[in-house]
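Shown here: work-v3.csv, CSV, C-alpha atoms.
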chain,number,residue,atom,x,y,z
A,425,MET,CA,0.0,0.0,0.0
A,426,LYS,CA,1.3,3.4,-0.9
A,427,LEU,CA,2.2,5.7,2.0
A,428,LYS,CA,-0.2,8.4,0.8
A,429,ARG,CA,-3.1,5.9,0.8
A,430,LEU,CA,-2.2,4.6,4.2
A,431,THR,CA,-2.0,8.2,5.6
A,432,ARG,CA,-5.5,9.0,4.2
A,433,LEU,CA,-6.9,5.8,5.7
A,434,SER,CA,-5.4,6.6,9.1
A,435,LEU,CA,-6.9,10.1,8.8
A,436,LEU,CA,-10.3,8.6,8.0
A,437,THR,CA,-10.0,6.2,11.0
A,438,GLY,CA,-9.2,9.1,13.3
A,439,ALA,CA,-12.1,11.2,11.9
A,440,SER,CA,-14.6,8.4,12.4
A,441,LEU,CA,-13.2,7.6,15.9
A,442,ILE,CA,-13.7,11.3,16.9
A,443,MET,CA,-17.3,11.2,15.5
A,444,PHE,CA,-17.9,8.0,17.4
A,445,ILE,CA,-16.7,9.4,20.7
A,446,ILE,CA,-18.5,12.7,20.3
A,447,GLU,CA,-21.7,10.8,19.6
A,448,LEU,CA,-21.3,8.9,22.9
A,449,ARG,CA,-21.6,12.3,24.7
A,450,PHE,CA,-25.0,13.0,23.1
A,451,PRO,CA,-27.7,13.0,25.7
A,452,ASP,CA,-30.2,10.1,25.5
A,453,ILE,CA,-33.4,11.7,24.3
A,454,LEU,CA,-35.1,8.5,23.3
A,455,PRO,CA,-35.9,5.7,25.7
A,456,ILE,CA,-34.8,3.2,23.1
A,457,PRO,CA,-31.3,2.0,22.3
A,458,VAL,CA,-30.8,3.6,18.9
A,459,LYS,CA,-28.0,5.8,17.7
A,460,LEU,CA,-27.4,8.0,14.7
A,461,GLY,CA,-24.2,6.2,13.8
A,462,LEU,CA,-22.2,9.3,12.8
A,463,ALA,CA,-19.1,7.2,12.3
A,464,ASN,CA,-21.0,5.5,9.5
A,465,ILE,CA,-20.5,8.6,7.4
A,466,VAL,CA,-16.9,7.8,7.1
A,467,THR,CA,-17.6,4.1,6.4
A,468,VAL,CA,-20.0,4.8,3.6
A,469,TYR,CA,-17.5,7.3,2.1
A,470,ALA,CA,-14.7,4.7,2.3
A,471,VAL,CA,-16.9,2.0,0.7
A,472,TYR,CA,-17.1,4.2,-2.4
A,473,ARG,CA,-13.5,5.6,-2.4
A,474,TYR,CA,-11.4,2.6,-1.2
A,475,THR,CA,-11.0,-1.1,-1.9
A,476,ALA,CA,-12.9,-3.7,0.2
A,477,ALA,CA,-9.8,-4.6,2.1
A,478,GLU,CA,-8.9,-1.0,2.9
A,479,THR,CA,-12.4,-0.2,4.1
A,480,THR,CA,-12.5,-3.3,6.2
A,481,MET,CA,-9.2,-2.5,7.9
A,482,MET,CA,-10.3,1.1,8.6
A,483,LEU,CA,-13.7,0.0,10.1
A,484,PHE,CA,-12.2,-2.7,12.3
A,485,ALA,CA,-9.6,-0.4,13.6
A,486,ARG,CA,-12.3,2.1,14.4
A,487,ILE,CA,-14.5,-0.4,16.2
A,488,VAL,CA,-11.7,-1.9,18.4
A,489,LEU,CA,-10.3,1.6,19.3
A,490,GLY,CA,-13.8,2.9,19.9
A,491,ALA,CA,-14.6,0.1,22.3
A,492,LEU,CA,-11.3,0.7,24.1
A,493,PHE,CA,-11.8,4.5,24.3
A,494,SER,CA,-15.3,4.2,25.5
A,495,SER,CA,-14.3,1.3,27.9
A,496,ASN,CA,-17.3,-0.6,26.7
A,497,LEU,CA,-15.8,-3.9,25.7
A,498,PHE,CA,-19.1,-5.7,26.3
A,499,ALA,CA,-20.6,-3.9,23.3
A,500,LEU,CA,-17.9,-5.3,21.0
A,501,ILE,CA,-19.8,-8.4,20.0
A,502,TYR,CA,-22.8,-6.2,18.9
A,503,SER,CA,-20.5,-3.8,17.1
A,504,PHE,CA,-18.8,-6.6,15.2
A,505,SER,CA,-21.9,-8.5,14.2
A,506,GLY,CA,-23.5,-5.3,13.0
A,507,ALA,CA,-20.5,-4.0,11.3
A,508,VAL,CA,-19.7,-7.2,9.4
A,509,LEU,CA,-23.2,-7.5,8.0
A,510,CYS,CA,-23.4,-3.8,7.2
A,511,LEU,CA,-20.0,-3.8,5.5
A,512,VAL,CA,-20.6,-7.0,3.4
A,513,GLY,CA,-24.0,-5.6,2.3
A,514,MET,CA,-22.6,-2.2,1.3
A,515,LEU,CA,-19.6,-3.7,-0.5
A,516,LEU,CA,-21.9,-5.9,-2.5
A,517,ILE,CA,-24.4,-3.3,-3.5
A,518,ARG,CA,-21.8,-0.6,-4.3
A,519,LYS,CA,-21.4,-2.4,-7.6
A,520,ILE,CA,-25.1,-1.8,-8.6
A,521,VAL,CA,-25.7,1.5,-6.7
A,522,PRO,CA,-23.9,4.4,-8.4
A,523,VAL,CA,-22.2,7.0,-6.2
A,524,ARG,CA,-25.1,9.4,-6.9
A,525,PHE,CA,-27.3,7.1,-4.9
A,526,LEU,CA,-24.8,6.7,-2.0
A,527,TRP,CA,-27.6,7.5,0.5
A,528,LEU,CA,-29.4,4.4,-0.6
A,529,CYS,CA,-26.3,2.3,0.1
A,530,SER,CA,-26.1,4.0,3.5
A,531,ILE,CA,-29.7,3.2,4.4
A,532,ILE,CA,-29.3,-0.5,3.5
A,533,GLY,CA,-26.1,-0.6,5.4
A,534,ALA,CA,-27.7,0.9,8.5
A,535,VAL,CA,-30.6,-1.5,8.4
A,536,LEU,CA,-28.2,-4.4,8.0
A,537,HIS,CA,-26.2,-3.1,10.9
A,538,ASN,CA,-29.2,-3.1,13.2
A,539,ILE,CA,-30.2,-6.6,12.0
A,540,GLY,CA,-26.7,-7.9,12.8
A,541,GLN,CA,-26.9,-6.4,16.3
A,542,MET,CA,-30.3,-7.9,16.8
A,543,ALA,CA,-29.0,-11.4,15.8
A,544,ALA,CA,-26.1,-11.0,18.3
A,545,ALA,CA,-28.7,-10.0,21.0
A,546,VAL,CA,-30.8,-13.1,20.3
A,547,ALA,CA,-27.6,-15.2,20.5
A,548,VAL,CA,-26.5,-13.7,23.8
A,549,THR,CA,-29.9,-13.8,25.6
A,550,ARG,CA,-30.9,-17.0,23.8
A,551,SER,CA,-34.4,-15.5,23.8
A,552,LEU,CA,-36.5,-14.7,20.8
A,553,SER,CA,-38.6,-12.2,22.6
A,554,VAL,CA,-35.8,-9.7,21.9
A,555,LEU,CA,-36.9,-9.7,18.3
A,556,ALA,CA,-39.9,-7.5,19.2
A,557,TYR,CA,-37.4,-4.6,18.9
A,558,LEU,CA,-36.5,-5.5,15.3
A,559,PRO,CA,-39.2,-3.4,13.5
A,560,LEU,CA,-38.3,-0.4,15.6
A,561,LEU,CA,-34.6,-0.8,14.9
A,562,ILE,CA,-35.2,-1.2,11.2
A,563,CYS,CA,-37.2,2.0,11.1
A,564,ALA,CA,-34.5,3.8,13.1
A,565,GLY,CA,-31.9,2.3,10.7
A,566,VAL,CA,-33.6,3.8,7.7
A,567,ILE,CA,-33.8,7.2,9.3
A,568,ALA,CA,-30.3,7.2,10.7
A,569,GLY,CA,-28.9,5.7,7.4
A,570,ALA,CA,-30.6,8.4,5.3
A,571,PHE,CA,-29.0,11.1,7.5
A,572,THR,CA,-25.5,9.7,7.5
A,573,GLY,CA,-25.9,8.8,3.8
A,574,ILE,CA,-26.7,12.4,2.9
A,575,CYS,CA,-23.8,13.6,5.0
A,576,ALA,CA,-21.5,11.2,3.2
A,577,GLN,CA,-23.0,12.3,-0.1
A,578,LEU,CA,-22.1,15.9,0.6
A,579,MET,CA,-18.6,14.9,1.7
A,580,ILE,CA,-17.9,12.8,-1.4
A,581,ASN,CA,-19.2,15.6,-3.7
A,582,ARG,CA,-16.6,17.9,-2.2
A,583,THR,CA,-13.6,15.6,-2.0
A,584,GLY,CA,-14.3,13.9,-5.3
A,585,LYS,CA,-12.3,16.4,-7.4
A,586,ILE,CA,-9.3,16.3,-5.0
A,587,GLU,CA,-9.1,12.6,-4.9
A,588,ASN,CA,-9.4,12.1,-8.6
A,589,SER,CA,-6.8,14.7,-9.5
A,590,GLU,CA,-4.2,13.0,-7.4
A,591,THR,CA,-2.8,9.7,-8.6
A,592,ASP,CA,-1.2,7.6,-6.0
B,1230,MET,CA,-31.6,5.8,-12.5
B,1231,THR,CA,-31.0,2.2,-13.3
B,1232,ARG,CA,-33.6,-0.4,-12.8
B,1233,SER,CA,-31.7,-2.1,-10.0
B,1234,VAL,CA,-31.6,1.2,-8.1
B,1235,LYS,CA,-35.3,1.6,-8.5
B,1236,VAL,CA,-35.9,-1.9,-7.2
B,1237,LEU,CA,-33.7,-1.3,-4.2
B,1238,ILE,CA,-35.4,2.0,-3.4
B,1239,ALA,CA,-38.8,0.3,-3.6
B,1240,VAL,CA,-37.6,-2.6,-1.4
B,1241,ALA,CA,-36.3,-0.2,1.2
B,1242,ALA,CA,-39.5,1.8,1.2
B,1243,VAL,CA,-41.6,-1.3,1.6
B,1244,ILE,CA,-39.4,-2.6,4.5
B,1245,PHE,CA,-39.6,0.8,6.2
B,1246,ALA,CA,-43.4,0.9,5.9
B,1247,VAL,CA,-43.9,-2.7,7.1
B,1248,SER,CA,-41.5,-2.0,10.1
B,1249,ALA,CA,-43.3,1.2,11.0
B,1250,VAL,CA,-46.7,-0.6,11.1
B,1251,LEU,CA,-45.2,-3.5,13.1
B,1252,THR,CA,-43.5,-1.1,15.5
B,1253,PHE,CA,-46.8,0.6,16.1
B,1254,ILE,CA,-48.5,-2.7,16.8
B,1255,PHE,CA,-45.8,-4.1,19.0
B,1256,PHE,CA,-45.5,-1.0,21.2
B,1257,ARG,CA,-49.1,-0.6,22.0
B,1258,ASP,CA,-49.9,-0.9,25.7
B,1259,ARG,CA,-51.1,-4.2,26.8
B,1260,LYS,CA,-54.8,-4.4,27.6
B,1261,THR,CA,-55.3,-4.9,31.3
B,1262,ASP,CA,-58.1,-7.3,31.7
B,1263,GLY,CA,-58.7,-10.2,34.1
B,1264,GLU,CA,-57.5,-10.6,37.6
B,1265,SER,CA,-54.0,-11.9,37.2
B,1266,VAL,CA,-51.2,-10.1,35.4
B,1267,MET,CA,-48.5,-12.7,35.0
B,1268,VAL,CA,-44.9,-11.6,34.4
B,1269,GLU,CA,-41.9,-13.7,34.0
B,1270,ILE,CA,-38.2,-12.8,34.5
B,1271,LEU,CA,-35.7,-14.8,32.5
B,1272,GLN,CA,-32.0,-14.9,33.0
B,1273,ASP,CA,-30.0,-16.7,30.3
B,1274,ASN,CA,-33.3,-17.9,28.9
B,1275,LYS,CA,-34.3,-19.7,32.1
B,1276,VAL,CA,-37.3,-18.5,34.0
B,1277,ILE,CA,-36.1,-17.4,37.5
B,1278,TYR,CA,-39.2,-15.6,38.7
B,1279,THR,CA,-42.9,-15.8,37.8
B,1280,LEU,CA,-44.9,-13.0,39.3
B,1281,ASP,CA,-48.5,-12.0,39.4
B,1282,LEU,CA,-48.4,-8.2,39.3
B,1283,ALA,CA,-52.0,-8.0,40.4
B,1284,LYS,CA,-51.1,-9.6,43.7
B,1285,GLU,CA,-47.5,-8.6,44.3
B,1286,GLU,CA,-47.0,-5.9,46.9
B,1287,ASP,CA,-44.8,-2.9,46.1
B,1288,ARG,CA,-41.2,-3.8,46.6
B,1289,THR,CA,-37.7,-3.7,45.1
B,1290,PHE,CA,-35.4,-6.7,44.8
B,1291,ARG,CA,-32.0,-7.3,43.3
B,1292,ILE,CA,-31.2,-9.9,40.7
B,1293,GLU,CA,-27.6,-10.9,40.7
B,1294,SER,CA,-26.0,-12.0,37.4
B,1295,ALA,CA,-23.4,-14.7,37.1
B,1296,ASP,CA,-20.7,-12.3,36.2
B,1297,GLY,CA,-21.2,-10.3,39.4
B,1298,GLY,CA,-23.5,-7.6,38.0
B,1299,TRP,CA,-26.9,-6.7,39.3
B,1300,ASN,CA,-30.3,-5.2,38.3
B,1301,ASP,CA,-32.8,-3.7,40.8
B,1302,VAL,CA,-36.3,-4.7,39.8
B,1303,THR,CA,-39.1,-2.6,41.2
B,1304,ILE,CA,-42.8,-3.5,41.4
B,1305,GLU,CA,-45.0,-0.6,42.1
B,1306,ASP,CA,-48.8,-0.1,41.6
B,1307,GLY,CA,-49.0,-3.4,39.7
B,1308,GLN,CA,-46.3,-2.4,37.3
B,1309,ILE,CA,-42.8,-3.7,36.9
B,1310,SER,CA,-39.6,-1.9,35.9
B,1311,ILE,CA,-35.8,-2.1,36.3
B,1312,THR,CA,-34.9,1.0,38.4
B,1313,ASP,CA,-31.2,0.5,38.7
B,1314,ALA,CA,-28.4,-1.6,37.2
B,1315,ASP,CA,-24.6,-1.6,37.3
B,1316,CYS,CA,-24.1,-2.0,33.6
B,1317,SER,CA,-22.6,0.7,31.4
B,1318,ASP,CA,-25.4,1.5,29.1
B,1319,ARG,CA,-28.4,1.2,31.5
B,1320,THR,CA,-30.7,0.7,28.5
B,1321,CYS,CA,-33.0,-1.5,30.7
B,1322,VAL,CA,-33.5,1.4,33.1
B,1323,LYS,CA,-34.3,3.8,30.3
B,1324,THR,CA,-36.9,1.4,28.9
B,1325,GLY,CA,-39.1,2.2,31.9
B,1326,ARG,CA,-42.1,0.2,32.9
B,1327,LEU,CA,-43.2,-3.0,31.1
B,1328,ARG,CA,-46.1,-1.9,29.0
B,1329,SER,CA,-46.4,-3.8,25.8
B,1330,GLU,CA,-47.3,-7.4,25.5
B,1331,TYR,CA,-44.7,-8.1,22.9
B,1332,VAL,CA,-41.8,-5.8,23.8
B,1333,PRO,CA,-39.9,-7.0,26.9
B,1334,ILE,CA,-37.5,-5.1,29.1
B,1335,ILE,CA,-34.0,-6.3,28.2
B,1336,CYS,CA,-30.7,-6.1,29.9
B,1337,LEU,CA,-28.2,-7.4,27.4
B,1338,PRO,CA,-25.1,-7.3,29.6
B,1339,HIS,CA,-26.8,-9.5,32.2
B,1340,LYS,CA,-28.9,-11.5,29.8
B,1341,LEU,CA,-32.0,-10.5,31.6
B,1342,VAL,CA,-35.5,-10.4,30.0
B,1343,ILE,CA,-38.7,-9.3,31.7
B,1344,ARG,CA,-41.9,-10.0,29.8
B,1345,TYR,CA,-45.6,-10.8,30.2
B,1346,ALA,CA,-46.3,-14.4,30.4
B,1347,ASP,CA,-49.3,-16.0,28.9
B,1348,GLY,CA,-51.9,-16.1,31.7
B,1349,GLU,CA,-54.1,-18.5,29.9
B,1350,ASP,CA,-51.8,-21.4,30.5
B,1351,GLU,CA,-51.9,-21.0,34.3

Entire entry expressed as structure tokens:
Amino acid sequence: MKLKRLTRLSLLTGASLIMFIIELRFPDILPIPVKLGLANIVTVYAVYRYTAAETTMMLFARIVLGALFSSNLFALIYSFSGAVLCLVGMLLIRKIVPVRFLWLCSIIGAVLHNIGQMAAAVAVTRSLSVLAYLPLLICAGVIAGAFTGICAQLMINRTGKIENSETD
Amino acid sequence: MTRSVKVLIAVAAVIFAVSAVLTFIFFRDRKTDGESVMVEILQDNKVIYTLDLAKEEDRTFRIESADGGWNDVTIEDGQISITDADCSDRTCVKTGRLRSEYVPIICLPHKLVIRYADGEDE
């Protein structure tokens, strides 16, 4: 990997980590365990600008560091199961969804993320009654995914020219 | 806009609509009818308490978890809630009182589930 690319990836990891930690400080307005997932802005951006391997490395570094910084290692299993499903889904559909419709990719990714977390919750509690939260989490995923998707869309429109003009 | 994008947007819209309807149905308050209001508390998918909220007196008790954590369960005016816990996210406390027939109170770190039991079987 070229040094320039590595540097950019590190920068993105740092940016998403900061977003993740800032979001932890947001007050809980809703009585339900849903988040906006601001760090996902960077993930969706990376899905469209970097290779699958690079995006995966960046995301996993962010998740592990995020869990360490927030001292919430218990949540790692949910983060991972959600992230894996979300990432695989987004990497698959980036082939058929053009960058103009990046927000759509983000919505699908966010929904898959919540489904992955739900699956982990069912596995941990070994109780299917947890699934009653699934429709709510899907709705929340669509809304949060649309928000982060639009943010990533704005970001990619602005950085597109810079990235394309520089050859690594 | 290619055809596959249109299909994906349609699928996303349908899933959102269905989920919204299901959320609305699931989160409706349970109808309180009959004399007994059976609630069960599960830990690691094993029933550790079965309570009749209609008969229980107001009290708070602690449920210890295998890993040393705890949840304080409060019964008050025939309603049950988790009022305190030593986990980091305290989602179960924020959930508040058990209202819906379908949506349980869940504490993921301690694998605790509080839900309405089917009174008809009793």

(message) Quick check: residues of chain B within 10 Å of chain A, all atoms listed in the file, returned as a PyMOL selection string.
(response) chain B and resi 1230-1235+1237-1238+1240-1242+1244-1256+1271-1275+1316-1325+1329-1344

(request) In Å, rounded to a single decimal, give me how far CA of Ile580 (chain A) is from CA of Leu509 (chain A). (result)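 Calculated distance between CA of Leu509 (chain A) and CA of Ile580 (chain A) is 23.0 Å.
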
Using only C-alpha atoms, find all polymer residues with an atom at most 12 Å away from the point (-12.9, 1.7, 8.6); report them as a CSV table (one decimal) with C-alpha atoms, in the frame of the given file.
chain,number,residue,atom,x,y,z
A,430,LEU,CA,-2.2,4.6,4.2
A,432,ARG,CA,-5.5,9.0,4.2
A,433,LEU,CA,-6.9,5.8,5.7
A,434,SER,CA,-5.4,6.6,9.1
A,435,LEU,CA,-6.9,10.1,8.8
A,436,LEU,CA,-10.3,8.6,8.0
A,437,THR,CA,-10.0,6.2,11.0
A,438,GLY,CA,-9.2,9.1,13.3
A,439,ALA,CA,-12.1,11.2,11.9
A,440,SER,CA,-14.6,8.4,12.4
A,441,LEU,CA,-13.2,7.6,15.9
A,444,PHE,CA,-17.9,8.0,17.4
A,463,ALA,CA,-19.1,7.2,12.3
A,464,ASN,CA,-21.0,5.5,9.5
A,465,ILE,CA,-20.5,8.6,7.4
A,466,VAL,CA,-16.9,7.8,7.1
A,467,THR,CA,-17.6,4.1,6.4
A,468,VAL,CA,-20.0,4.8,3.6
A,469,TYR,CA,-17.5,7.3,2.1
A,470,ALA,CA,-14.7,4.7,2.3
A,471,VAL,CA,-16.9,2.0,0.7
A,473,ARG,CA,-13.5,5.6,-2.4
A,474,TYR,CA,-11.4,2.6,-1.2
A,475,THR,CA,-11.0,-1.1,-1.9
A,476,ALA,CA,-12.9,-3.7,0.2
A,477,ALA,CA,-9.8,-4.6,2.1
A,478,GLU,CA,-8.9,-1.0,2.9
A,479,THR,CA,-12.4,-0.2,4.1
A,480,THR,CA,-12.5,-3.3,6.2
A,481,MET,CA,-9.2,-2.5,7.9
A,482,MET,CA,-10.3,1.1,8.6
A,483,LEU,CA,-13.7,0.0,10.1
A,484,PHE,CA,-12.2,-2.7,12.3
A,485,ALA,CA,-9.6,-0.4,13.6
A,486,ARG,CA,-12.3,2.1,14.4
A,487,ILE,CA,-14.5,-0.4,16.2
A,488,VAL,CA,-11.7,-1.9,18.4
A,489,LEU,CA,-10.3,1.6,19.3
A,490,GLY,CA,-13.8,2.9,19.9
A,507,ALA,CA,-20.5,-4.0,11.3
A,508,VAL,CA,-19.7,-7.2,9.4
A,510,CYS,CA,-23.4,-3.8,7.2
A,511,LEU,CA,-20.0,-3.8,5.5

(request) Please tell me which residues are no farther than 7 Å from (-44.0, -7.9, 35.3) in the file, counting all atoms listed in the file, and write them as a list in words. (result)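 These residues have at least one counted atom within 7 Å: Met1267, Val1268, Glu1269, Leu1280, Leu1282, Gln1308, Ile1309, Leu1327, Ile1343, Arg1344 and Tyr1345 of chain B.
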
(request) Calculate how many Å separate CA of Val1243 (chain B) from CA of Thr572 (chain A), rounding to one decimal. (result)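 So the answer is 20.4 Å.
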
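With CA of Ala543 (chain A) on one side and CA of Gly506 (chain A) on the other, the separation reads 8.7 Å.
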
(message) Using all atoms listed in the file for the distances, tell me which of A:Val523, A:Ile445, A:Ile539, A:Ala544 is nearest to Tyr502 (chain A).
(response) A:Ala544
